[in-house]
Amino acid sequence: MSSYKKKDTIIIKDVTHTYKTETGLLPVIKNLSMSVPENGFTAVVGPSGCGKSTLTKLISGLLQPDEGEVYLSGEKITTPRPTVGMAFQNPVLLEWRSIIKNVMLPLEIVPNKLNSLEKEQRAKQLLSLVGLEGFEQKKPSELSGGMRQRASLCRALVHKPEVLILDEPFGALDAFTREDLWQVMHNLRKEEPFTGILITHDLRESIFLADEVVVLSGRPASKQFFVKVPKSKTPKLESLYSSKSIDMLKSLRKQIEIAQSQQEQNK
Ligand SMILES: Nc1ncnc2c1ncn2[C@@H]1O[C@H](COP(=O)(O)OP(=O)(O)O)[C@@H](O)[C@H]1O
Ligand SMILES: [Mg+2]
């Protein structure tokens with residue numbers, strides 16, 4: 001029933017997850033199957049509280065599914081996976097470390113063959129790719145929200161993670177800063193190809209950045225709808241105003257409404 005290919009980098013196969021809370025069982029994900037090919041980038045959208053962040057924890061191994069399996073690069077995930085890069089809505093940067101030292105953090109944790117000079121060069125190269133050249137020695141509080149999120153993306157990518165998971169990374173930014181960050185994401189993807197999942201509630205963001213958009217149903221979440229997004233090599237913001245994009249946004253919006261009403265009914 002699931003349409004994954006064995007060589008896909010991320011495979012979520014018939015996954016079900018239920019939280020056990022003080023007030024009883026809360027089924028959050030039910031029979032969810034989806035996959036992301038190598039160097040693919042898939043956006044996941046769905047009603048608030050439907051289980052998106054739970055899904056990211058299942059992929060990174062922070063949670064184990066009750067049923068079904070998650071595979072990364074062909075390996076079944078049973079424990080937390082340090083080779084997954086993550087970035088969240090609020091970039092959790094350590095205030096007592098400079099920006100470059102924050103970016104280098106995963107290189108101190110995830111085993112690698114780089115010496116300290118190479119680690120620094122790697123972090124520096126990424127920071128310059130996202131437009132933060134010259135800010136290496138600043139402290140996080142000296143940067144704007146958009147700049148901190150750029151640094152957080154560098155930190156998520158510095159160890160060349162096998163998978164990048166972004167959980168509403170641009171949700172707290174103003175609209176223009178967010179659009180700047182979308183361009184940064186395209187640059188990063190061109191220079192540093194990665195396989196990733198982007199959780200977002202911004203439908204424009206989903207079609208601008210991802211190759212495929214999955215709409216989750218209301219809780220318990222399963223795959224309700226998905227659409228492939230044709231991509232040009234140099235995507236431009238104007239493309240979001242094309243009739244093809246608008247049609248796609250309309251149908252995604254409709255799917256979200258269906259998912260929301262389903263979640264209301266299940267409350
Ligand atoms: N650790 C937990 N224990 C119990 N319930 C949780 C836990 N984490 C999340 N939930 C609940 O599970 C549901 C899905 O949460 P989440 O995955 O964070 O949704 P989303 O990211 O889509 O908004 C919500 O109702 C949330 O309150
Ligand atoms: Mg969430």
# chains A, B, ... in the order shown; residues from 1 in each chain; ligands from 1
call {"tool": "residues_around", "arguments": {"residues": "Thr54 of chain A", "least_positions_apart": "3", "cutoff": "10 Å", "atoms": "only C-alpha atoms", "output": "JSON, numbers by chain"}}
result
{"A": [17, 18, 19, 28, 29, 49, 50, 51, 57, 58, 59, 62, 63, 65]}
call {"tool": "residues_around", "arguments": {"residues": "Asn266 of chain A", "least_positions_apart": "2", "cutoff": "10 Å", "atoms": "only C-alpha atoms", "output": "number ranges by chain"}}
result
A: 218-220, 260-264
call {"tool": "residues_near_ligand", "arguments": {"ligand": "ligand 2", "cutoff": "12 Å", "atoms": "only C-alpha atoms and all ligand atoms", "output": "PyMOL selection string"}}
result
chain A and resi 44-57+88-90+166-169+171+198-201
call {"tool": "closest_residue", "arguments": {"among": "A:Ala221, A:Met34, A:Leu153, A:Val213", "to": "ligand 1", "atoms": "only C-alpha atoms and all ligand atoms"}}
result
A:Ala221
call {"tool": "closest_residue", "arguments": {"among": "A:Leu216, A:Met185, A:Met248, A:Ala43", "to": "ligand 1", "atoms": "only C-alpha atoms and all ligand atoms"}}
result
A:Leu216
call {"tool": "closest_residue", "arguments": {"among": "A:Asp180, A:Asp202, A:Glu22, A:Asp66", "to": "Gln149 of chain A", "atoms": "only C-alpha atoms"}}
result
A:Asp180
call {"tool": "select_by_dssp", "arguments": {"residues": "segment 153-185 of chain A", "states": "helix (DSSP H, G or I)", "output": "PDB file with N, CA and C atoms, in the first residue's frame"}}
result
ATOM      1  N   LEU A 153      20.397  27.266  10.684  1.00  0.00           N
ATOM      2  CA  LEU A 153      20.422  26.383   9.504  1.00  0.00           C
ATOM      3  C   LEU A 153      21.836  25.862   9.252  1.00  0.00           C
ATOM      4  N   CYS A 154      22.824  26.752   9.416  1.00  0.00           N
ATOM      5  CA  CYS A 154      24.224  26.324   9.233  1.00  0.00           C
ATOM      6  C   CYS A 154      24.567  25.234  10.238  1.00  0.00           C
ATOM      7  N   ARG A 155      24.126  25.436  11.491  1.00  0.00           N
ATOM      8  CA  ARG A 155      24.432  24.435  12.518  1.00  0.00           C
ATOM      9  C   ARG A 155      23.777  23.093  12.173  1.00  0.00           C
ATOM     10  N   ALA A 156      22.567  23.160  11.612  1.00  0.00           N
ATOM     11  CA  ALA A 156      21.878  21.908  11.271  1.00  0.00           C
ATOM     12  C   ALA A 156      22.574  21.169  10.125  1.00  0.00           C
ATOM     13  N   LEU A 157      23.340  21.938   9.304  1.00  0.00           N
ATOM     14  CA  LEU A 157      23.944  21.334   8.107  1.00  0.00           C
ATOM     15  C   LEU A 157      25.442  21.058   8.241  1.00  0.00           C
ATOM     16  N   ALA A 175       7.206  38.539   7.220  1.00  0.00           N
ATOM     17  CA  ALA A 175       7.023  37.991   5.874  1.00  0.00           C
ATOM     18  C   ALA A 175       8.235  38.219   4.960  1.00  0.00           C
ATOM     19  N   PHE A 176       8.830  39.417   5.011  1.00  0.00           N
ATOM     20  CA  PHE A 176       9.937  39.692   4.084  1.00  0.00           C
ATOM     21  C   PHE A 176      11.195  38.927   4.479  1.00  0.00           C
ATOM     22  N   THR A 177      11.452  38.872   5.790  1.00  0.00           N
ATOM     23  CA  THR A 177      12.612  38.113   6.263  1.00  0.00           C
ATOM     24  C   THR A 177      12.451  36.649   5.890  1.00  0.00           C
ATOM     25  N   ARG A 178      11.223  36.174   6.037  1.00  0.00           N
ATOM     26  CA  ARG A 178      10.937  34.778   5.695  1.00  0.00           C
ATOM     27  C   ARG A 178      11.261  34.523   4.220  1.00  0.00           C
ATOM     28  N   GLU A 179      10.848  35.454   3.356  1.00  0.00           N
ATOM     29  CA  GLU A 179      11.122  35.270   1.925  1.00  0.00           C
ATOM     30  C   GLU A 179      12.621  35.311   1.629  1.00  0.00           C
ATOM     31  N   ASP A 180      13.367  36.142   2.364  1.00  0.00           N
ATOM     32  CA  ASP A 180      14.839  36.132   2.217  1.00  0.00           C
ATOM     33  C   ASP A 180      15.387  34.757   2.574  1.00  0.00           C
ATOM     34  N   LEU A 181      14.850  34.199   3.634  1.00  0.00           N
ATOM     35  CA  LEU A 181      15.332  32.884   4.100  1.00  0.00           C
ATOM     36  C   LEU A 181      14.994  31.782   3.087  1.00  0.00           C
ATOM     37  N   TRP A 182      13.883  31.954   2.384  1.00  0.00           N
ATOM     38  CA  TRP A 182      13.546  30.968   1.334  1.00  0.00           C
ATOM     39  C   TRP A 182      14.653  30.959   0.282  1.00  0.00           C
ATOM     40  N   GLN A 183      15.121  32.169  -0.086  1.00  0.00           N
ATOM     41  CA  GLN A 183      16.212  32.237  -1.080  1.00  0.00           C
ATOM     42  C   GLN A 183      17.473  31.588  -0.516  1.00  0.00           C
ATOM     43  N   VAL A 184      17.727  31.834   0.774  1.00  0.00           N
ATOM     44  CA  VAL A 184      18.881  31.211   1.428  1.00  0.00           C
ATOM     45  C   VAL A 184      18.774  29.690   1.337  1.00  0.00           C
ATOM     46  N   MET A 185      17.576  29.181   1.562  1.00  0.00           N
ATOM     47  CA  MET A 185      17.367  27.729   1.483  1.00  0.00           C
ATOM     48  C   MET A 185      17.689  27.201   0.087  1.00  0.00           C
TER      49      MET A 185
END
call {"tool": "residues_around", "arguments": {"residues": "segment 97-99 of chain A", "least_positions_apart": "5", "cutoff": "8 Å", "atoms": "only C-alpha atoms", "output": "list in words"}}
result
Phe135, Glu136, Gln137, Lys138, Lys139, Pro140 and Ala151 of chain A
call {"tool": "atom_distance", "arguments": {"atom1": "atom CA of Lys101 of chain A", "atom2": "atom CA of Asn187 of chain A"}}
result
22.4 Å
call {"tool": "atom_distance", "arguments": {"atom1": "atom CA of Pro111 of chain A", "atom2": "atom CA of Ala87 of chain A"}}
result
19.8 Å
call {"tool": "closest_residue", "arguments": {"among": "A:Leu237, A:Asn112, A:Tyr71, A:Leu188", "to": "Ser128 of chain A", "atoms": "only C-alpha atoms"}}
result
A:Leu188
call {"tool": "decode", "arguments": {"residues": "segment 139-198 of chain A", "atoms": "C-alpha atoms", "output": "PDB file, in the first residue's frame"}}
result
ATOM      1  CA  LYS A 139      27.011  36.467  20.233  1.00  0.00           C
ATOM      2  CA  PRO A 140      23.495  35.230  19.299  1.00  0.00           C
ATOM      3  CA  SER A 141      21.807  38.211  21.024  1.00  0.00           C
ATOM      4  CA  GLU A 142      23.732  40.602  18.739  1.00  0.00           C
ATOM      5  CA  LEU A 143      21.956  39.161  15.669  1.00  0.00           C
ATOM      6  CA  SER A 144      18.438  39.745  14.315  1.00  0.00           C
ATOM      7  CA  GLY A 145      15.895  36.905  14.357  1.00  0.00           C
ATOM      8  CA  GLY A 146      16.457  36.216  10.663  1.00  0.00           C
ATOM      9  CA  MET A 147      20.233  36.103  11.141  1.00  0.00           C
ATOM     10  CA  ARG A 148      19.910  33.739  14.085  1.00  0.00           C
ATOM     11  CA  GLN A 149      17.774  31.446  11.975  1.00  0.00           C
ATOM     12  CA  ARG A 150      20.434  31.526   9.225  1.00  0.00           C
ATOM     13  CA  ALA A 151      23.031  30.494  11.810  1.00  0.00           C
ATOM     14  CA  SER A 152      20.739  27.766  13.062  1.00  0.00           C
ATOM     15  CA  LEU A 153      20.422  26.383   9.504  1.00  0.00           C
ATOM     16  CA  CYS A 154      24.224  26.324   9.233  1.00  0.00           C
ATOM     17  CA  ARG A 155      24.432  24.435  12.518  1.00  0.00           C
ATOM     18  CA  ALA A 156      21.878  21.908  11.271  1.00  0.00           C
ATOM     19  CA  LEU A 157      23.944  21.334   8.107  1.00  0.00           C
ATOM     20  CA  VAL A 158      27.524  21.613   9.366  1.00  0.00           C
ATOM     21  CA  HIS A 159      28.061  17.879   9.885  1.00  0.00           C
ATOM     22  CA  LYS A 160      26.510  17.035   6.486  1.00  0.00           C
ATOM     23  CA  PRO A 161      23.537  15.307   8.121  1.00  0.00           C
ATOM     24  CA  GLU A 162      22.034  12.327   6.381  1.00  0.00           C
ATOM     25  CA  VAL A 163      18.666  14.017   6.852  1.00  0.00           C
ATOM     26  CA  LEU A 164      17.670  17.607   7.626  1.00  0.00           C
ATOM     27  CA  ILE A 165      14.454  18.178   9.562  1.00  0.00           C
ATOM     28  CA  LEU A 166      13.046  21.672   9.745  1.00  0.00           C
ATOM     29  CA  ASP A 167      10.085  22.183  12.079  1.00  0.00           C
ATOM     30  CA  GLU A 168       8.421  25.510  11.192  1.00  0.00           C
ATOM     31  CA  PRO A 169      11.856  27.158  10.992  1.00  0.00           C
ATOM     32  CA  PHE A 170      10.609  30.464   9.605  1.00  0.00           C
ATOM     33  CA  GLY A 171       7.323  30.662  11.519  1.00  0.00           C
ATOM     34  CA  ALA A 172       8.443  33.427  13.874  1.00  0.00           C
ATOM     35  CA  LEU A 173       9.896  35.700  11.184  1.00  0.00           C
ATOM     36  CA  ASP A 174       8.189  38.603   9.442  1.00  0.00           C
ATOM     37  CA  ALA A 175       7.023  37.991   5.874  1.00  0.00           C
ATOM     38  CA  PHE A 176       9.937  39.692   4.084  1.00  0.00           C
ATOM     39  CA  THR A 177      12.612  38.113   6.263  1.00  0.00           C
ATOM     40  CA  ARG A 178      10.937  34.778   5.695  1.00  0.00           C
ATOM     41  CA  GLU A 179      11.122  35.270   1.925  1.00  0.00           C
ATOM     42  CA  ASP A 180      14.839  36.132   2.217  1.00  0.00           C
ATOM     43  CA  LEU A 181      15.332  32.884   4.100  1.00  0.00           C
ATOM     44  CA  TRP A 182      13.546  30.968   1.334  1.00  0.00           C
ATOM     45  CA  GLN A 183      16.212  32.237  -1.080  1.00  0.00           C
ATOM     46  CA  VAL A 184      18.881  31.211   1.428  1.00  0.00           C
ATOM     47  CA  MET A 185      17.367  27.729   1.483  1.00  0.00           C
ATOM     48  CA  HIS A 186      17.573  27.513  -2.311  1.00  0.00           C
ATOM     49  CA  ASN A 187      21.241  28.581  -2.228  1.00  0.00           C
ATOM     50  CA  LEU A 188      22.012  26.057   0.473  1.00  0.00           C
ATOM     51  CA  ARG A 189      20.308  23.296  -1.418  1.00  0.00           C
ATOM     52  CA  LYS A 190      22.225  24.109  -4.589  1.00  0.00           C
ATOM     53  CA  GLU A 191      25.611  24.238  -2.863  1.00  0.00           C
ATOM     54  CA  GLU A 192      25.021  21.606  -0.162  1.00  0.00           C
ATOM     55  CA  PRO A 193      22.454  19.095  -1.435  1.00  0.00           C
ATOM     56  CA  PHE A 194      20.552  17.458   1.412  1.00  0.00           C
ATOM     57  CA  THR A 195      17.580  15.196   1.961  1.00  0.00           C
ATOM     58  CA  GLY A 196      14.989  16.884   4.093  1.00  0.00           C
ATOM     59  CA  ILE A 197      11.553  17.377   5.526  1.00  0.00           C
ATOM     60  CA  LEU A 198      10.102  20.814   6.088  1.00  0.00           C
TER      61      LEU A 198
END
